[in-house]
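Undergrad: Next comes input-v1.csv, CSV, C-alpha atoms and all ligand atoms:
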```
chain,number,residue,atom,x,y,z
A,1,MET,CA,21.0,-17.0,11.8
A,2,SER,CA,19.5,-20.3,12.9
A,3,ASP,CA,21.0,-23.8,12.3
A,4,LYS,CA,17.6,-25.6,12.5
A,5,LYS,CA,16.4,-26.7,9.1
A,6,VAL,CA,13.2,-25.0,8.1
A,7,LYS,CA,10.5,-27.5,7.2
A,8,ARG,CA,7.3,-25.7,7.8
A,9,ILE,CA,6.7,-22.1,6.7
A,10,GLY,CA,3.7,-20.1,7.7
A,11,ILE,CA,2.5,-17.4,5.3
A,12,LEU,CA,0.1,-14.6,5.8
A,13,THR,CA,-1.1,-11.4,4.0
A,14,GLY,CA,-1.8,-8.5,6.4
A,15,GLY,CA,-3.4,-5.1,6.0
A,16,GLY,CA,-5.1,-3.9,2.8
A,17,ASP,CA,-4.8,-6.2,-0.2
A,18,CYS,CA,-3.0,-5.2,-3.3
A,19,PRO,CA,-2.3,-6.7,-6.7
A,20,GLY,CA,0.6,-9.2,-6.5
A,21,LEU,CA,-0.2,-10.9,-3.2
A,22,ASN,CA,-1.1,-14.1,-4.9
A,23,ALA,CA,2.1,-14.0,-7.0
A,24,VAL,CA,4.1,-14.0,-3.7
A,25,ILE,CA,2.0,-16.9,-2.2
A,26,ARG,CA,2.5,-18.9,-5.4
A,27,ALA,CA,6.3,-18.2,-5.5
A,28,VAL,CA,6.7,-19.2,-1.8
A,29,SER,CA,4.7,-22.4,-2.4
A,30,LYS,CA,6.3,-23.4,-5.6
A,31,SER,CA,9.8,-22.8,-4.4
A,32,GLY,CA,9.2,-24.0,-0.8
A,33,ILE,CA,7.3,-27.2,-1.7
A,34,ASN,CA,8.9,-28.2,-5.0
A,35,ASP,CA,12.5,-27.1,-4.5
A,36,HIS,CA,12.9,-27.6,-0.8
A,37,GLY,CA,10.3,-30.2,0.2
A,38,MET,CA,8.8,-27.8,2.7
A,39,THR,CA,5.2,-27.6,4.0
A,40,VAL,CA,3.6,-24.2,3.5
A,41,VAL,CA,0.9,-23.3,6.0
A,42,GLY,CA,-1.5,-20.5,4.8
A,43,ILE,CA,-2.8,-18.4,7.6
A,44,GLU,CA,-6.3,-17.0,6.8
A,45,ASP,CA,-7.3,-13.3,7.1
A,46,GLY,CA,-3.9,-12.0,8.2
A,47,PHE,CA,-3.1,-11.6,11.9
A,48,GLU,CA,-6.8,-12.0,12.8
A,49,GLY,CA,-6.6,-15.6,11.6
A,50,PHE,CA,-3.3,-16.1,13.3
A,51,VAL,CA,-4.7,-15.0,16.6
A,52,GLU,CA,-7.7,-17.3,16.1
A,53,GLY,CA,-5.5,-20.2,14.8
A,54,ARG,CA,-7.2,-20.3,11.4
A,55,MET,CA,-4.8,-21.9,9.0
A,56,HIS,CA,-4.3,-24.8,6.7
A,57,GLU,CA,-1.6,-26.5,4.7
A,58,LEU,CA,-1.5,-25.2,1.2
A,59,SER,CA,-1.7,-27.8,-1.5
A,60,ARG,CA,0.2,-27.5,-4.8
A,61,THR,CA,-3.1,-27.0,-6.7
A,62,GLU,CA,-4.3,-24.2,-4.4
A,63,SER,CA,-1.3,-22.0,-5.1
A,64,SER,CA,-1.1,-22.8,-8.8
A,65,GLY,CA,-2.6,-20.6,-11.6
A,66,ILE,CA,-2.9,-17.6,-9.4
A,67,ILE,CA,-0.1,-15.3,-10.6
A,68,SER,CA,-2.5,-13.1,-12.5
A,69,LEU,CA,-5.2,-13.1,-9.8
A,70,GLY,CA,-5.7,-9.9,-7.8
A,71,GLY,CA,-6.5,-9.9,-4.1
A,72,THR,CA,-5.3,-12.8,-1.9
A,73,ILE,CA,-6.4,-16.4,-1.7
A,74,LEU,CA,-5.6,-16.3,2.0
A,75,GLY,CA,-7.8,-13.3,2.8
A,76,THR,CA,-6.6,-10.4,4.8
A,77,SER,CA,-7.6,-7.9,7.5
A,78,ASN,CA,-6.3,-4.6,8.8
A,79,LYS,CA,-8.0,-5.1,12.2
A,80,GLY,CA,-6.1,-8.0,13.7
A,81,ASP,CA,-3.1,-6.5,15.5
A,82,PRO,CA,-2.3,-9.3,18.1
A,83,PHE,CA,-0.9,-6.7,20.5
A,84,HIS,CA,-4.2,-4.6,20.4
A,85,TYR,CA,-6.7,-7.3,19.6
A,86,PRO,CA,-10.4,-6.4,19.7
A,87,ALA,CA,-12.0,-9.2,21.7
A,88,GLU,CA,-15.5,-9.8,23.0
A,89,GLY,CA,-15.4,-9.0,26.8
A,90,ASN,CA,-18.0,-8.7,29.5
A,91,ASN,CA,-18.5,-5.0,28.7
A,92,GLY,CA,-18.5,-5.4,24.9
A,93,ILE,CA,-15.4,-5.2,22.7
A,94,GLU,CA,-12.2,-4.9,24.8
A,95,ILE,CA,-8.7,-4.4,23.4
A,96,VAL,CA,-6.4,-7.2,24.7
A,97,ASP,CA,-2.9,-8.5,24.2
A,98,ALA,CA,-3.5,-11.6,22.1
A,99,SER,CA,0.2,-12.1,21.2
A,100,PRO,CA,0.7,-15.1,23.6
A,101,ARG,CA,-2.2,-16.8,21.8
A,102,THR,CA,-0.6,-16.1,18.5
A,103,LEU,CA,2.7,-17.6,19.7
A,104,LYS,CA,0.8,-20.7,20.9
A,105,HIS,CA,-0.6,-21.2,17.4
A,106,TYR,CA,2.8,-20.7,15.8
A,107,LYS,CA,4.2,-23.4,18.0
A,108,GLY,CA,1.1,-25.6,17.9
A,109,TRP,CA,1.3,-25.7,14.1
A,110,GLY,CA,5.0,-26.6,14.2
A,111,LEU,CA,6.0,-23.5,12.2
A,112,ASP,CA,9.7,-22.9,11.8
A,113,CYS,CA,9.2,-19.4,10.4
A,114,LEU,CA,6.6,-17.0,9.3
A,115,ILE,CA,6.6,-15.1,6.0
A,116,ALA,CA,4.5,-11.9,6.6
A,117,ILE,CA,3.5,-10.1,3.5
A,118,GLY,CA,2.3,-6.6,4.3
A,119,GLY,CA,3.0,-2.8,4.6
A,120,ASP,CA,4.3,-0.8,7.5
A,121,GLY,CA,1.6,-2.0,10.0
A,122,THR,CA,2.4,-5.7,9.2
A,123,MET,CA,6.1,-5.0,9.6
A,124,HIS,CA,5.6,-3.3,13.0
A,125,ILE,CA,3.6,-6.3,14.2
A,126,SER,CA,6.1,-8.8,12.7
A,127,ASN,CA,9.0,-7.0,14.4
A,128,ARG,CA,7.3,-7.4,17.8
A,129,LEU,CA,6.4,-11.1,17.1
A,130,GLY,CA,10.1,-11.6,16.2
A,131,GLU,CA,11.1,-10.2,19.6
A,132,MET,CA,8.9,-12.9,21.2
A,133,GLY,CA,10.8,-15.6,19.4
A,134,MET,CA,9.1,-16.1,16.1
A,135,ASN,CA,11.3,-16.4,13.1
A,136,ILE,CA,10.0,-13.8,10.7
A,137,ILE,CA,10.7,-12.8,7.1
A,138,GLY,CA,8.9,-9.8,5.8
A,139,VAL,CA,7.7,-9.1,2.2
A,140,PRO,CA,6.9,-5.5,1.5
A,141,LYS,CA,3.5,-4.8,-0.2
A,142,THR,CA,1.4,-1.7,-0.5
A,143,ILE,CA,0.1,0.4,-3.3
A,144,ASP,CA,1.3,3.4,-1.3
A,145,ASN,CA,5.0,2.6,-1.9
A,146,ASP,CA,5.8,4.2,1.5
A,147,LEU,CA,8.3,1.8,2.9
A,148,GLU,CA,11.7,3.4,3.2
A,149,ALA,CA,13.8,0.3,3.1
A,150,THR,CA,12.8,-0.8,-0.4
A,151,ASP,CA,12.9,1.1,-3.7
A,152,GLN,CA,9.5,-0.3,-4.6
A,153,THR,CA,6.7,-2.3,-3.0
A,154,PHE,CA,4.8,-4.6,-5.3
A,155,GLY,CA,1.2,-3.4,-6.0
A,156,PHE,CA,2.3,0.2,-6.6
A,157,ASP,CA,3.0,-0.2,-10.3
A,158,THR,CA,-0.5,-1.6,-10.8
A,159,ALA,CA,-2.2,1.2,-8.8
A,160,LEU,CA,-0.1,3.7,-10.8
A,161,SER,CA,-1.2,2.2,-14.1
A,162,ILE,CA,-4.9,2.3,-13.1
A,163,ALA,CA,-4.6,5.9,-11.9
A,164,THR,CA,-2.8,6.9,-15.1
A,165,GLU,CA,-5.4,5.3,-17.3
A,166,ALA,CA,-8.2,7.0,-15.3
A,167,ILE,CA,-6.5,10.4,-15.9
A,168,ASP,CA,-6.3,9.7,-19.6
A,169,ARG,CA,-10.0,9.0,-19.6
A,170,LEU,CA,-10.8,12.1,-17.7
A,171,HIS,CA,-8.8,14.1,-20.2
A,172,THR,CA,-11.2,13.3,-23.1
A,173,THR,CA,-14.4,13.9,-21.2
A,174,GLY,CA,-13.0,17.0,-19.4
A,175,SER,CA,-11.8,18.6,-22.6
A,176,SER,CA,-15.1,17.9,-24.4
A,177,HIS,CA,-17.1,19.6,-21.7
A,178,HIS,CA,-14.5,22.3,-20.8
A,179,ARG,CA,-14.5,21.3,-17.1
A,180,VAL,CA,-12.0,21.1,-14.3
A,181,MET,CA,-11.7,17.3,-13.6
A,182,VAL,CA,-10.5,16.5,-10.1
A,183,ILE,CA,-9.3,13.0,-9.3
A,184,GLU,CA,-8.6,11.7,-5.8
A,185,VAL,CA,-6.1,8.8,-5.5
A,186,MET,CA,-5.0,6.8,-2.6
A,187,GLY,CA,-1.6,6.8,-0.8
A,188,ARG,CA,-2.3,7.8,2.8
A,189,TYR,CA,0.5,10.1,4.1
A,190,ALA,CA,2.6,9.6,0.9
A,191,GLY,CA,2.0,11.2,-2.5
A,192,TRP,CA,3.7,8.6,-4.7
A,193,ILE,CA,0.6,7.6,-6.7
A,194,ALA,CA,-0.6,11.1,-7.2
A,195,LEU,CA,2.9,12.4,-8.1
A,196,GLN,CA,3.6,9.7,-10.7
A,197,ALA,CA,0.1,9.3,-12.1
A,198,GLY,CA,0.0,13.1,-12.4
A,199,LEU,CA,3.2,13.1,-14.4
A,200,ALA,CA,2.3,10.1,-16.5
A,201,GLY,CA,-1.2,11.3,-17.2
A,202,GLY,CA,-0.3,14.9,-17.9
A,203,ALA,CA,-2.2,16.5,-15.0
A,204,ASP,CA,-2.1,20.3,-14.7
A,205,ILE,CA,-2.1,20.4,-10.9
A,206,THR,CA,-0.9,17.6,-8.6
A,207,LEU,CA,-1.5,18.0,-4.8
A,208,ILE,CA,0.4,15.7,-2.5
A,209,PRO,CA,0.7,15.5,1.3
A,210,GLU,CA,4.4,16.4,1.3
A,211,ILE,CA,3.8,19.8,-0.3
A,212,PRO,CA,0.9,21.6,1.5
A,213,PHE,CA,-0.9,23.8,-1.1
A,214,SER,CA,-2.2,27.3,-1.1
A,215,TRP,CA,-5.8,27.7,-2.4
A,216,GLY,CA,-4.8,30.9,-4.2
A,217,ALA,CA,-2.2,29.0,-6.3
A,218,VAL,CA,-4.7,26.3,-7.3
A,219,PHE,CA,-7.3,28.9,-8.3
A,220,GLN,CA,-4.8,30.9,-10.2
A,221,LYS,CA,-3.6,27.9,-12.2
A,222,VAL,CA,-7.0,26.8,-13.4
A,223,ILE,CA,-8.0,30.4,-14.2
A,224,GLU,CA,-4.8,31.0,-16.1
A,225,ARG,CA,-5.4,27.9,-18.2
A,226,SER,CA,-9.0,28.8,-18.9
A,227,THR,CA,-8.1,32.4,-20.0
A,228,ARG,CA,-5.2,31.1,-22.1
A,229,GLY,CA,-7.8,29.1,-24.1
A,230,ASN,CA,-7.2,25.7,-22.4
A,231,ARG,CA,-10.8,25.2,-21.5
A,232,PHE,CA,-10.3,22.3,-19.1
A,233,SER,CA,-7.9,21.3,-16.4
A,234,ILE,CA,-6.9,18.0,-14.6
A,235,VAL,CA,-6.3,18.1,-10.9
A,236,CYS,CA,-4.8,15.0,-9.4
A,237,VAL,CA,-5.2,15.0,-5.6
A,238,ALA,CA,-3.6,12.5,-3.2
A,239,GLU,CA,-6.1,11.5,-0.4
A,240,GLY,CA,-3.6,12.8,2.2
A,241,ALA,CA,-3.0,16.2,0.5
A,242,LYS,CA,-3.9,19.3,2.6
A,243,ALA,CA,-4.0,23.0,2.2
A,244,ALA,CA,-1.2,24.8,4.1
A,245,ASP,CA,-3.8,26.3,6.6
A,246,GLU,CA,-5.9,23.1,7.0
A,247,GLY,CA,-5.6,19.6,8.3
A,248,ILE,CA,-6.0,16.4,6.3
A,249,VAL,CA,-9.5,15.4,5.4
A,250,VAL,CA,-10.6,12.3,7.3
A,251,LYS,CA,-13.5,10.2,6.3
A,252,GLU,CA,-13.8,8.3,9.6
A,253,THR,CA,-11.7,7.1,12.5
A,254,ASP,CA,-11.9,3.4,13.5
A,255,THR,CA,-9.8,2.4,16.5
A,256,LYS,CA,-10.0,-1.3,15.6
A,257,ARG,CA,-7.8,-0.7,12.5
A,258,THR,CA,-4.0,-0.8,12.6
A,259,ASP,CA,-4.1,2.8,11.3
A,260,PRO,CA,-7.4,4.2,12.8
A,261,ILE,CA,-7.6,7.0,10.2
A,262,ARG,CA,-9.5,6.4,7.0
A,263,PHE,CA,-8.7,9.1,4.4
A,264,GLY,CA,-11.2,10.5,1.9
A,265,GLY,CA,-12.9,13.7,0.9
A,266,ILE,CA,-10.2,16.0,-0.2
A,267,GLY,CA,-11.1,15.6,-3.9
A,268,GLU,CA,-14.7,16.8,-3.2
A,269,HIS,CA,-13.3,19.6,-1.0
A,270,VAL,CA,-10.9,20.8,-3.8
A,271,SER,CA,-13.7,20.5,-6.4
A,272,GLN,CA,-16.2,22.5,-4.4
A,273,ARG,CA,-13.7,25.3,-3.6
A,274,ILE,CA,-12.6,25.6,-7.3
A,275,THR,CA,-16.3,26.0,-8.3
A,276,GLN,CA,-17.0,28.5,-5.6
A,277,GLU,CA,-13.9,30.7,-6.2
A,278,THR,CA,-13.5,30.5,-9.9
A,279,GLY,CA,-17.0,29.8,-11.2
A,280,LEU,CA,-15.6,27.0,-13.4
A,281,GLU,CA,-17.5,23.8,-13.7
A,282,THR,CA,-15.9,20.9,-11.9
A,283,ARG,CA,-16.4,17.2,-11.6
A,284,VAL,CA,-14.8,14.9,-9.1
A,285,THR,CA,-13.8,11.2,-9.4
A,286,VAL,CA,-12.7,9.2,-6.3
A,287,LEU,CA,-10.7,6.3,-7.7
A,288,GLY,CA,-10.8,4.4,-4.4
A,289,HIS,CA,-10.4,0.6,-4.3
A,290,LEU,CA,-10.2,0.3,-8.1
A,291,GLN,CA,-6.6,1.0,-7.5
A,292,ARG,CA,-6.2,-2.1,-5.4
A,293,GLY,CA,-8.4,-4.6,-7.3
A,294,GLY,CA,-7.8,-6.7,-10.3
A,295,SER,CA,-4.9,-8.2,-12.0
A,296,PRO,CA,-1.3,-7.1,-11.3
A,297,THR,CA,0.9,-5.6,-14.0
A,298,ALA,CA,3.7,-7.7,-15.4
A,299,TYR,CA,6.2,-5.6,-13.3
A,300,ASP,CA,4.3,-6.4,-10.1
A,301,ARG,CA,4.0,-10.1,-10.9
A,302,ILE,CA,7.7,-10.3,-11.5
A,303,LEU,CA,8.7,-8.2,-8.4
A,304,ALA,CA,6.3,-10.2,-6.2
A,305,THR,CA,7.7,-13.5,-7.5
A,306,ARG,CA,11.3,-12.3,-6.9
A,307,TYR,CA,10.3,-11.3,-3.4
A,308,GLY,CA,8.7,-14.6,-2.7
A,309,THR,CA,11.6,-16.7,-3.9
A,310,LYS,CA,14.0,-14.5,-2.0
A,311,ALA,CA,12.0,-15.0,1.2
A,312,VAL,CA,12.3,-18.8,0.8
A,313,GLU,CA,16.0,-18.5,0.1
A,314,LEU,CA,16.4,-16.6,3.4
A,315,ALA,CA,14.3,-19.2,5.2
A,316,VAL,CA,16.6,-22.0,3.8
A,317,GLN,CA,19.6,-20.0,5.0
A,318,GLY,CA,18.1,-19.6,8.5
A,319,LYS,CA,18.2,-15.8,8.2
A,320,PHE,CA,15.3,-14.2,10.1
A,321,GLY,CA,14.2,-10.8,11.3
A,322,LEU,CA,14.7,-9.6,7.7
A,323,MET,CA,12.5,-8.0,5.1
A,324,VAL,CA,13.2,-8.6,1.4
A,325,SER,CA,13.9,-5.4,-0.4
A,326,LEU,CA,14.6,-4.0,-3.9
A,327,ARG,CA,17.7,-1.9,-4.1
A,328,GLY,CA,18.4,-0.7,-7.6
A,329,LEU,CA,18.2,-3.8,-9.9
A,330,PHE,CA,18.6,-6.4,-7.1
A,331,VAL,CA,16.5,-8.0,-4.5
A,332,THR,CA,18.3,-8.1,-1.2
A,333,SER,CA,17.2,-7.9,2.5
A,334,VAL,CA,17.2,-5.5,5.4
A,335,PRO,CA,16.5,-5.9,9.1
A,336,ILE,CA,12.8,-5.4,9.7
A,337,ALA,CA,13.6,-3.0,12.5
A,338,GLU,CA,15.4,-0.8,10.0
A,339,ALA,CA,12.6,-1.2,7.5
A,340,ILE,CA,10.0,0.3,9.8
A,341,ALA,CA,12.1,3.1,11.2
A,342,HIS,CA,11.2,5.6,8.4
A,343,GLN,CA,8.2,6.1,6.2
A,344,ARG,CA,9.2,6.8,2.6
A,345,LEU,CA,7.7,10.1,1.6
A,346,VAL,CA,8.1,12.0,-1.7
A,347,PRO,CA,11.3,14.2,-1.4
A,348,VAL,CA,9.9,17.7,-2.1
A,349,ASP,CA,13.0,18.7,-4.1
A,350,GLY,CA,13.5,15.3,-5.7
A,351,GLU,CA,14.0,14.6,-9.3
A,352,ILE,CA,10.4,13.5,-10.1
A,353,VAL,CA,9.0,16.7,-8.5
A,354,LYS,CA,11.5,18.8,-10.4
A,355,SER,CA,10.6,17.0,-13.7
A,356,SER,CA,6.9,17.6,-13.0
A,357,ARG,CA,7.4,21.3,-12.5
A,358,ALA,CA,9.6,21.5,-15.6
A,359,VAL,CA,6.7,20.2,-17.7
A,360,GLY,CA,4.3,22.8,-16.1
A,361,ILE,CA,2.6,20.8,-13.4
A,362,SER,CA,1.7,23.0,-10.4
A,363,PHE,CA,1.9,21.6,-6.9
A,364,GLY,CA,-0.2,24.5,-5.7
A,365,ASP,CA,2.7,26.0,-3.8
A,366,GLU,CA,3.8,28.9,-6.1
B,401,LIG,O1,-2.6,1.4,2.4
B,401,LIG,C1,-3.3,1.1,1.3
B,401,LIG,C2,-4.6,1.9,1.2
B,401,LIG,O2,-5.2,1.5,0.0
B,401,LIG,C3,-4.4,3.4,1.3
B,401,LIG,O3,-4.0,4.0,0.2
B,401,LIG,C4,-5.8,3.8,1.7
B,401,LIG,O4,-5.9,4.9,2.4
B,401,LIG,C5,-6.3,2.6,2.6
B,401,LIG,O5,-5.5,1.5,2.2
B,401,LIG,C6,-7.7,2.3,2.5
B,401,LIG,O6,-8.0,1.3,3.4
B,401,LIG,P1,-9.4,0.4,3.4
B,401,LIG,O7,-9.3,-0.6,2.3
B,401,LIG,O8,-9.4,-0.1,4.8
B,401,LIG,O9,-10.5,1.4,3.1
```
Output the structure of this file as structure tokens.
TA:
Amino acid sequence: MSDKKVKRIGILTGGGDCPGLNAVIRAVSKSGINDHGMTVVGIEDGFEGFVEGRMHELSRTESSGIISLGGTILGTSNKGDPFHYPAEGNNGIEIVDASPRTLKHYKGWGLDCLIAIGGDGTMHISNRLGEMGMNIIGVPKTIDNDLEATDQTFGFDTALSIATEAIDRLHTTGSSHHRVMVIEVMGRYAGWIALQAGLAGGADITLIPEIPFSWGAVFQKVIERSTRGNRFSIVCVAEGAKAADEGIVVKETDTKRTDPIRFGGIGEHVSQRITQETGLETRVTVLGHLQRGGSPTAYDRILATRYGTKAVELAVQGKFGLMVSLRGLFVTSVPIAEAIAHQRLVPVDGEIVKSSRAVGISFGDE
């Protein structure tokens, strides 16, 4: 807790974008500027802009009328970790510690605190910047919903709605052509989007990273459906899903990223194996960044606004090193260090998995 009155708040959006970021920026600006007479400094392109000192004071008009806007008006990057910063050196790109430079900008711009909106990568970096003396408040975002310390990150609900709608659409075309329709959704190491979109969209098979699948069980399920007269199947695959005897399917590795691994390709793999082994006709859809783009749902706009106003409340109270968090019906806060200790994965014997099984969804494990 700090006694110093907060007058200047820095705000950045780090990592991959997601719907609802602008709603947080708007909430912080409106509440900070209008209610508390603060100045809000928008840092451009996440930590990359922070290292480079690219920031500007946000005007009232800039942060107005953006609650329904996807993306982030500040820009973002998942390559700017100040502690492993890719800088131009004598021998090409070198990884350097740019955190002292970042602290210099923090002080130079007269910031009293930083509101960092991001996922686990952003929270890890924020925690370390906090240890260097910056006053940090975290706001959890990610479509992956994989932060343990909050019941829900904003962005997830929108991604889930988009994935569910996509499955609905695949149903009609899949059933018309009697095909096995495979859809690959995002989520990295967590299967939340696949699990819940599979349930909401009525998938027949859902494959998630937390439950390694057996090829035999997948083939059996689609064949069973086909011989029973259900001449199509929907297979919802999380990008991080893997067969029990195989590793995750990686699209590429890029060491400049906070998480070097780029997922992608499991949908195609599943689709090809089903065709080879069962002879059934398959089609694959990779939903990709459609899950992250566009307007946030009402739920995400509201959650993002609640997070933003809570973050300003914490700043006013001089409470730092905390991340705002949803617990049940209430927005509260938890130490950032605690928030990053565990990734929130799907509990394999949790209620949503059980409910999915009860309505006949196979996870490819039995
Ligand atoms: O973490 C959010 C996320 O959308 C993941 O679900 C996905 O694996 C990754 O980001 C994609 O990152 P990029 O936008 O860098 O391709």
Undergrad: Using only C-alpha atoms, which residues sit within 10 Å of A:Ser68 once same-chain residues fewer than 5 positions away are excluded, as number ranges by chain?
TA: A: 19-23, 294-298, 300-301
Undergrad: Save the residues we just selected, C-alpha atoms, as a short mmCIF file (atom, residue, chain, number, x, y, z; two decimals), in the frame of the given file?
TA:
```
data_model
loop_
_atom_site.label_atom_id
_atom_site.label_comp_id
_atom_site.auth_asym_id
_atom_site.auth_seq_id
_atom_site.Cartn_x
_atom_site.Cartn_y
_atom_site.Cartn_z
CA PRO A 19 -2.30 -6.70 -6.70
CA GLY A 20 0.60 -9.20 -6.50
CA LEU A 21 -0.20 -10.90 -3.20
CA ASN A 22 -1.10 -14.10 -4.90
CA ALA A 23 2.10 -14.00 -7.00
CA GLY A 294 -7.80 -6.70 -10.30
CA SER A 295 -4.90 -8.20 -12.00
CA PRO A 296 -1.30 -7.10 -11.30
CA THR A 297 0.90 -5.60 -14.00
CA ALA A 298 3.70 -7.70 -15.40
CA ASP A 300 4.30 -6.40 -10.10
CA ARG A 301 4.00 -10.10 -10.90
#
```
Undergrad: Report as a Markdown table the residues of stretch 180-278 of chain A within 7 Å of stretch 75-81 of chain A, each with its shortest atom pair and distance in Å (one decimal), using only C-alpha atoms, ordered by chain and increasing residue number.
TA:
```
| residue | atom | partner | partner_atom | distance |
| --- | --- | --- | --- | --- |
| A:Lys256 | CA | A:Lys79 | CA | 5.5 |
| A:Arg257 | CA | A:Lys79 | CA | 4.4 |
| A:Thr258 | CA | A:Asn78 | CA | 5.8 |
```
Undergrad: Suppose you want the space between atom CA of A:Glu131 and atom CA of A:Lys7; what is it in Å?
TA: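 Interatomic distance, atom CA of A:Glu131 to atom CA of A:Lys7: 21.3 Å.
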Undergrad: Using only C-alpha atoms, collect all residues at a distance of at most 10 Å from (1.8, 14.4, -17.3) as written in the file, then present them as JSON, numbers by chain.
TA: {"A": [164, 167, 168, 195, 196, 197, 198, 199, 200, 201, 202, 203, 204, 205, 206, 234, 355, 356, 359, 360, 361]}
Undergrad: Please check which protein, DNA or RNA residues sit within 8 Å of ligand LIG 401 (chain B), counting only C-alpha atoms and all ligand atoms, and write them as a list in words.
TA: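 Using only C-alpha atoms and all ligand atoms, everything at most 8 Å from ligand LIG 401 (chain B) comes to Gly15, Gly16, Asp17, Cys18, Asn78, Gly119, Thr142, Ile143, Asp144, Val185, Met186, Gly187, Arg188, Glu239, Arg257, Arg262, Phe263, Gly264, Gly288, His289, Gln291 and Arg292 of chain A.
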Undergrad: Mind pulling up the distance from atom CA of A:Val346 to atom CA of A:Ile211?
TA: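 Going from atom CA of A:Ile211 over to atom CA of A:Val346, I get 9.0 Å.
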Undergrad: From the set A:Glu148, A:Thr285, A:Asp45, A:Thr305, which residue has the shortest atom-to-atom contact distance to A:Ile66, counting all atoms listed in the file?
TA: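 Closest to A:Ile66, using all atoms listed in the file: A:Thr305.
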Undergrad: I'd like the box whose edges run along x, y and z of the file and which contains every listed atom of stretch 205-217 of chain A, padded by 3 Å per side; could you state its centre and edge lengths in Å, one decimal, as lines of an AutoDock Vina configuration file?
TA:
```
center_x = -0.7
center_y = 23.2
center_z = -4.7
size_x = 16.2
size_y = 21.4
size_z = 18.4
```
Undergrad: Could you check which of A:Lys319, A:Lys107, A:Lys221, A:His269 is closest to A:Lys242, using only C-alpha atoms?
TA: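 The shortest atom-to-atom distance to A:Lys242 comes from A:His269.
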Undergrad: Would you mind reading off the distance between atom CA of A:Asp112 and atom CA of A:Ile9, one decimal, in Å?
TA: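 According to the coordinates, atom CA of A:Asp112 and atom CA of A:Ile9 are separated by 6.0 Å.
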Undergrad: Given the choices A:Ile125, A:Thr282, A:Leu58, A:Gly247, which gets closest to A:Gly46 if the distance is worked out from all atoms listed in the file?
TA: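 Of the candidates, the smallest distance to A:Gly46 is held by A:Ile125.
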Undergrad: Which of these residues is nearest to A:Thr278, using all atoms listed in the file: A:Thr158, A:Gln220, A:Ser64, A:Asn34?
TA: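 The answer is A:Gln220, which sits nearest to A:Thr278.
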Undergrad: Pick the closest to A:Leu74 from A:Met132, A:Cys113, A:Leu12, A:Val270: which is it, counting all atoms listed in the file?
TA: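 With all atoms listed in the file as the atom set, the closest residue is A:Leu12.
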Undergrad: Name all residues at most 7 Å from A:Val51 (count only C-alpha atoms; drop same-chain ones fewer than 2 positions away) and give them as a list of chain:residue names.
TA: A:Phe47, A:Glu48, A:Gly49, A:Gly53, A:Pro82, A:Ala98, A:Arg101, A:Thr102
Undergrad: Calculated over all atoms listed in the file, which of the candidates A:Gly42, A:Ile33, A:Leu160, A:Gly65 has the smallest distance to A:Tyr299?
TA: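 Among the listed residues, A:Leu160 lies closest to A:Tyr299.
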Undergrad: I'd like the contact shell of stretch 217-219 of chain A - 12 Å cut-off, all atoms listed in the file, skipping same-chain residues fewer than 4 positions apart - returned as a ChimeraX atom specification.
TA: /A:180,182,204-207,212-213,223-226,233-237,243-244,270-280,361-366
Undergrad: Write out as a PDB file with C-alpha atoms, in the coordinates of the input the residues lying within 12 Å of A:Arg8, counting only C-alpha atoms and excluding same-chain residues fewer than 5 positions away.
TA:
```pdb
ATOM      1  CA  VAL A  28       6.700 -19.200  -1.800  1.00  0.00           C
ATOM      2  CA  SER A  29       4.700 -22.400  -2.400  1.00  0.00           C
ATOM      3  CA  GLY A  32       9.200 -24.000  -0.800  1.00  0.00           C
ATOM      4  CA  ILE A  33       7.300 -27.200  -1.700  1.00  0.00           C
ATOM      5  CA  HIS A  36      12.900 -27.600  -0.800  1.00  0.00           C
ATOM      6  CA  GLY A  37      10.300 -30.200   0.200  1.00  0.00           C
ATOM      7  CA  MET A  38       8.800 -27.800   2.700  1.00  0.00           C
ATOM      8  CA  THR A  39       5.200 -27.600   4.000  1.00  0.00           C
ATOM      9  CA  VAL A  40       3.600 -24.200   3.500  1.00  0.00           C
ATOM     10  CA  VAL A  41       0.900 -23.300   6.000  1.00  0.00           C
ATOM     11  CA  GLY A  42      -1.500 -20.500   4.800  1.00  0.00           C
ATOM     12  CA  HIS A  56      -4.300 -24.800   6.700  1.00  0.00           C
ATOM     13  CA  GLU A  57      -1.600 -26.500   4.700  1.00  0.00           C
ATOM     14  CA  LEU A  58      -1.500 -25.200   1.200  1.00  0.00           C
ATOM     15  CA  TYR A 106       2.800 -20.700  15.800  1.00  0.00           C
ATOM     16  CA  LYS A 107       4.200 -23.400  18.000  1.00  0.00           C
ATOM     17  CA  GLY A 108       1.100 -25.600  17.900  1.00  0.00           C
ATOM     18  CA  TRP A 109       1.300 -25.700  14.100  1.00  0.00           C
ATOM     19  CA  GLY A 110       5.000 -26.600  14.200  1.00  0.00           C
ATOM     20  CA  LEU A 111       6.000 -23.500  12.200  1.00  0.00           C
ATOM     21  CA  ASP A 112       9.700 -22.900  11.800  1.00  0.00           C
ATOM     22  CA  CYS A 113       9.200 -19.400  10.400  1.00  0.00           C
ATOM     23  CA  LEU A 114       6.600 -17.000   9.300  1.00  0.00           C
ATOM     24  CA  ILE A 115       6.600 -15.100   6.000  1.00  0.00           C
ATOM     25  CA  ASN A 135      11.300 -16.400  13.100  1.00  0.00           C
ATOM     26  CA  VAL A 312      12.300 -18.800   0.800  1.00  0.00           C
ATOM     27  CA  ALA A 315      14.300 -19.200   5.200  1.00  0.00           C
ATOM     28  CA  VAL A 316      16.600 -22.000   3.800  1.00  0.00           C
TER      29      VAL A 316
END
```
